[in-house]
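Trainee: Pasting in a structure now, in structure tokens, and then I'll have a few things to ask.
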Amino acid sequence: MHSYFSLSEQYIKTVYQMSKPFIVIFLIVIILAACEKATIEPWNPDVPDNLNYTDHIQPIWDAGCIGCHGGGRAPDLRAGSCEKLNQGGYINFDNPEESNLVKRMNGIDHPYTSSPKDISYVTAWISDGAQCE
Ligand code: HEC
């Protein structure tokens, strides 16, 4: 004997079975959306508004480069060498990321690889015209 109750129970079960795939898809979408949010963004430092050679770029050379580029090997990256650097063909103003300088910092044909932060500073400096002040 089927009571009204057991019929509706059967009905609910059937609806549940039918909607299972949709529930699963829905949950997957939610999880993917959550993961999308949690994905680590590529390094996007707040390059300082006042980014300038003296305060931000020369210190990068001082910390990482002058051990090898201290006068003996081109480019000379000691303080006071900026003019030579930005006129020496190391910089591609049309495409800063393709600059010889930036490529080397990325470790291409180069024994030393800079941090993403330093690379983004130098790339931004070039985009701003590679001023020497
Ligand atoms: C461990 C030593 C070493 C360090 C540290 C180093 N370099 Fe170099 N760099 C070299 C060598 C060796 C070459 C030549 C590589 C080649 O072309 O075969 C070179 C080449 C370059 C060139 C290309 C020169 C040219 O005439 O085309 C640039 C630009 C450069 N380095 C920039 C930098 C910068 C900027 C840093 C610091 C972020 C740095 N280097 C740190 C050893 C070093």
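Within each chain, counting starts at residue 1; across the structure tokens, chains are named A, B, ... in the order shown, with ligands numbered 1 upward in that order.
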What do you get as a VMD selection string if you pick all residues at most 6 Å from ligand 1, counting only C-alpha atoms and all ligand atoms?

Mentor: chain A and resid 61 64 to 65 67 to 68 74 to 75 90 100 to 101 104 to 105 109 to 112 114

Trainee: Can I get the selected residues back with N, CA and C atoms, as a PDB file, in the first residue's frame?

Mentor:
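Generated file (selection.pdb):
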ATOM      1  N   TRP A  61      71.833  47.132  -8.600  1.00  0.00           N
ATOM      2  CA  TRP A  61      73.169  46.834  -9.139  1.00  0.00           C
ATOM      3  C   TRP A  61      74.152  46.603  -7.989  1.00  0.00           C
ATOM      4  N   GLY A  64      73.467  43.116  -6.340  1.00  0.00           N
ATOM      5  CA  GLY A  64      73.563  41.854  -7.077  1.00  0.00           C
ATOM      6  C   GLY A  64      74.552  41.805  -8.216  1.00  0.00           C
ATOM      7  N   CYS A  65      75.026  42.952  -8.689  1.00  0.00           N
ATOM      8  CA  CYS A  65      75.728  42.946  -9.974  1.00  0.00           C
ATOM      9  C   CYS A  65      77.187  43.355  -9.916  1.00  0.00           C
ATOM     10  N   GLY A  67      79.613  42.804  -8.168  1.00  0.00           N
ATOM     11  CA  GLY A  67      80.616  41.779  -7.926  1.00  0.00           C
ATOM     12  C   GLY A  67      81.241  41.310  -9.235  1.00  0.00           C
ATOM     13  N   CYS A  68      80.441  41.251 -10.288  1.00  0.00           N
ATOM     14  CA  CYS A  68      80.939  40.828 -11.601  1.00  0.00           C
ATOM     15  C   CYS A  68      81.039  41.999 -12.583  1.00  0.00           C
ATOM     16  N   ALA A  74      81.677  44.497 -19.067  1.00  0.00           N
ATOM     17  CA  ALA A  74      80.562  45.336 -19.497  1.00  0.00           C
ATOM     18  C   ALA A  74      79.249  44.619 -19.171  1.00  0.00           C
ATOM     19  N   PRO A  75      78.217  45.370 -18.792  1.00  0.00           N
ATOM     20  CA  PRO A  75      78.254  46.805 -18.515  1.00  0.00           C
ATOM     21  C   PRO A  75      78.811  47.100 -17.128  1.00  0.00           C
ATOM     22  N   TYR A  90      71.900  48.386 -24.244  1.00  0.00           N
ATOM     23  CA  TYR A  90      71.396  47.351 -23.337  1.00  0.00           C
ATOM     24  C   TYR A  90      69.890  47.460 -23.150  1.00  0.00           C
ATOM     25  N   ASN A 100      68.282  43.743 -23.618  1.00  0.00           N
ATOM     26  CA  ASN A 100      69.408  42.872 -23.266  1.00  0.00           C
ATOM     27  C   ASN A 100      69.548  42.825 -21.737  1.00  0.00           C
ATOM     28  N   LEU A 101      69.491  43.988 -21.130  1.00  0.00           N
ATOM     29  CA  LEU A 101      69.619  44.108 -19.673  1.00  0.00           C
ATOM     30  C   LEU A 101      68.606  43.228 -18.941  1.00  0.00           C
ATOM     31  N   ARG A 104      69.138  39.426 -19.477  1.00  0.00           N
ATOM     32  CA  ARG A 104      70.219  38.891 -18.638  1.00  0.00           C
ATOM     33  C   ARG A 104      69.728  38.746 -17.208  1.00  0.00           C
ATOM     34  N   MET A 105      68.961  39.732 -16.737  1.00  0.00           N
ATOM     35  CA  MET A 105      68.435  39.644 -15.366  1.00  0.00           C
ATOM     36  C   MET A 105      67.530  38.420 -15.201  1.00  0.00           C
ATOM     37  N   ASP A 109      71.367  33.560 -21.018  1.00  0.00           N
ATOM     38  CA  ASP A 109      72.797  33.722 -21.342  1.00  0.00           C
ATOM     39  C   ASP A 109      73.521  34.474 -20.232  1.00  0.00           C
ATOM     40  N   HIS A 110      73.226  34.129 -19.022  1.00  0.00           N
ATOM     41  CA  HIS A 110      73.744  34.905 -17.896  1.00  0.00           C
ATOM     42  C   HIS A 110      73.845  34.051 -16.650  1.00  0.00           C
ATOM     43  N   PRO A 111      74.926  34.171 -15.899  1.00  0.00           N
ATOM     44  CA  PRO A 111      75.104  33.306 -14.730  1.00  0.00           C
ATOM     45  C   PRO A 111      74.293  33.747 -13.510  1.00  0.00           C
ATOM     46  N   TYR A 112      73.699  34.931 -13.568  1.00  0.00           N
ATOM     47  CA  TYR A 112      72.994  35.441 -12.387  1.00  0.00           C
ATOM     48  C   TYR A 112      71.561  35.794 -12.768  1.00  0.00           C
ATOM     49  N   SER A 114      68.025  37.606 -11.434  1.00  0.00           N
ATOM     50  CA  SER A 114      67.504  38.543 -10.437  1.00  0.00           C
ATOM     51  C   SER A 114      66.138  38.096  -9.942  1.00  0.00           C
TER      52      SER A 114
END

Trainee: As JSON, numbers by chain, please: the residues near segment 79-86 of chain A (cut-off 12 Å, only C-alpha atoms, same-chain neighbours under 5 positions excluded).

Mentor: {"A": [52, 53, 54, 55, 57, 58, 59, 60, 61, 62, 63, 65, 66, 69, 70, 71, 74, 91, 92, 93, 96, 99, 100, 101, 122, 125, 126, 129, 130, 131, 132, 133]}

Trainee: In Å to one decimal, how far is atom CA of Val29 of chain A from atom CA of Gln17 of chain A?

Mentor: 19.4 Å

Trainee: Please, which residues of chain A, numbered as in this document, come out helix (DSSP H, G or I) from DSSP, as number ranges by chain?

Mentor: A: 4-38, 53-64, 82-86, 96-98, 100-105, 116-127

Trainee: Mind dumping the selected residues with C-alpha atoms as a short mmCIF file (atom, residue, chain, number, x, y, z; two decimals), in the first residue's frame?

Mentor:
data_model
loop_
_atom_site.label_atom_id
_atom_site.label_comp_id
_atom_site.auth_asym_id
_atom_site.auth_seq_id
_atom_site.Cartn_x
_atom_site.Cartn_y
_atom_site.Cartn_z
CA TYR A 4 0.75 9.73 -0.03
CA PHE A 5 3.86 10.17 2.13
CA SER A 6 5.85 7.32 0.62
CA LEU A 7 4.88 8.47 -2.88
CA SER A 8 6.21 11.92 -2.27
CA GLU A 9 9.27 10.40 -0.66
CA GLN A 10 9.81 8.38 -3.83
CA TYR A 11 9.30 11.53 -5.86
CA ILE A 12 11.92 13.42 -3.83
CA LYS A 13 14.35 10.53 -4.22
CA THR A 14 13.83 10.49 -7.98
CA VAL A 15 14.31 14.22 -8.27
CA TYR A 16 17.44 13.93 -6.16
CA GLN A 17 18.83 11.12 -8.33
CA MET A 18 18.12 13.10 -11.49
CA SER A 19 19.69 16.28 -10.19
CA LYS A 20 22.78 14.57 -8.81
CA PRO A 21 24.92 15.28 -11.87
CA PHE A 22 23.88 18.92 -11.76
CA ILE A 23 24.69 19.18 -8.07
CA VAL A 24 28.12 17.69 -8.78
CA ILE A 25 28.70 20.11 -11.66
CA PHE A 26 27.53 22.99 -9.50
CA LEU A 27 29.96 22.04 -6.73
CA ILE A 28 32.82 21.69 -9.21
CA VAL A 29 32.08 25.15 -10.56
CA ILE A 30 32.05 26.59 -7.03
CA ILE A 31 35.34 24.87 -6.17
CA LEU A 32 36.98 26.02 -9.41
CA ALA A 33 35.79 29.56 -8.79
CA ALA A 34 37.27 29.42 -5.29
CA CYS A 35 40.57 28.07 -6.63
CA GLU A 36 40.66 30.77 -9.27
CA LYS A 37 40.52 33.34 -6.49
CA ALA A 38 43.16 31.54 -4.45
CA TYR A 53 67.54 55.38 -10.54
CA THR A 54 69.30 56.59 -7.42
CA ASP A 55 66.88 55.16 -4.87
CA HIS A 56 65.73 51.98 -6.59
CA ILE A 57 67.88 50.89 -9.52
CA GLN A 58 71.47 51.57 -8.45
CA PRO A 59 70.83 49.65 -5.19
CA ILE A 60 69.84 46.61 -7.30
CA TRP A 61 73.17 46.83 -9.14
CA ASP A 62 75.02 47.38 -5.88
CA ALA A 63 73.45 44.35 -4.23
CA GLY A 64 73.56 41.85 -7.08
CA CYS A 82 73.95 55.05 -15.72
CA GLU A 83 74.49 57.23 -18.81
CA LYS A 84 76.77 54.64 -20.34
CA LEU A 85 74.33 51.91 -19.44
CA ASN A 86 71.29 53.45 -21.08
CA PRO A 96 61.50 46.96 -22.27
CA GLU A 97 61.11 43.27 -21.50
CA GLU A 98 63.19 42.43 -24.56
CA ASN A 100 69.41 42.87 -23.27
CA LEU A 101 69.62 44.11 -19.67
CA VAL A 102 66.28 42.57 -18.67
CA LYS A 103 66.95 39.32 -20.51
CA ARG A 104 70.22 38.89 -18.64
CA MET A 105 68.44 39.64 -15.37
CA PRO A 116 61.03 39.05 -10.04
CA LYS A 117 60.78 42.20 -7.94
CA ASP A 118 64.09 43.58 -9.19
CA ILE A 119 63.19 42.67 -12.76
CA SER A 120 59.87 44.47 -12.51
CA TYR A 121 61.57 47.56 -11.06
CA VAL A 122 64.09 47.68 -13.88
CA THR A 123 61.43 47.03 -16.52
CA ALA A 124 59.29 49.84 -15.09
CA TRP A 125 62.33 52.13 -14.97
CA ILE A 126 62.97 51.48 -18.68
CA SER A 127 59.29 52.06 -19.52
#
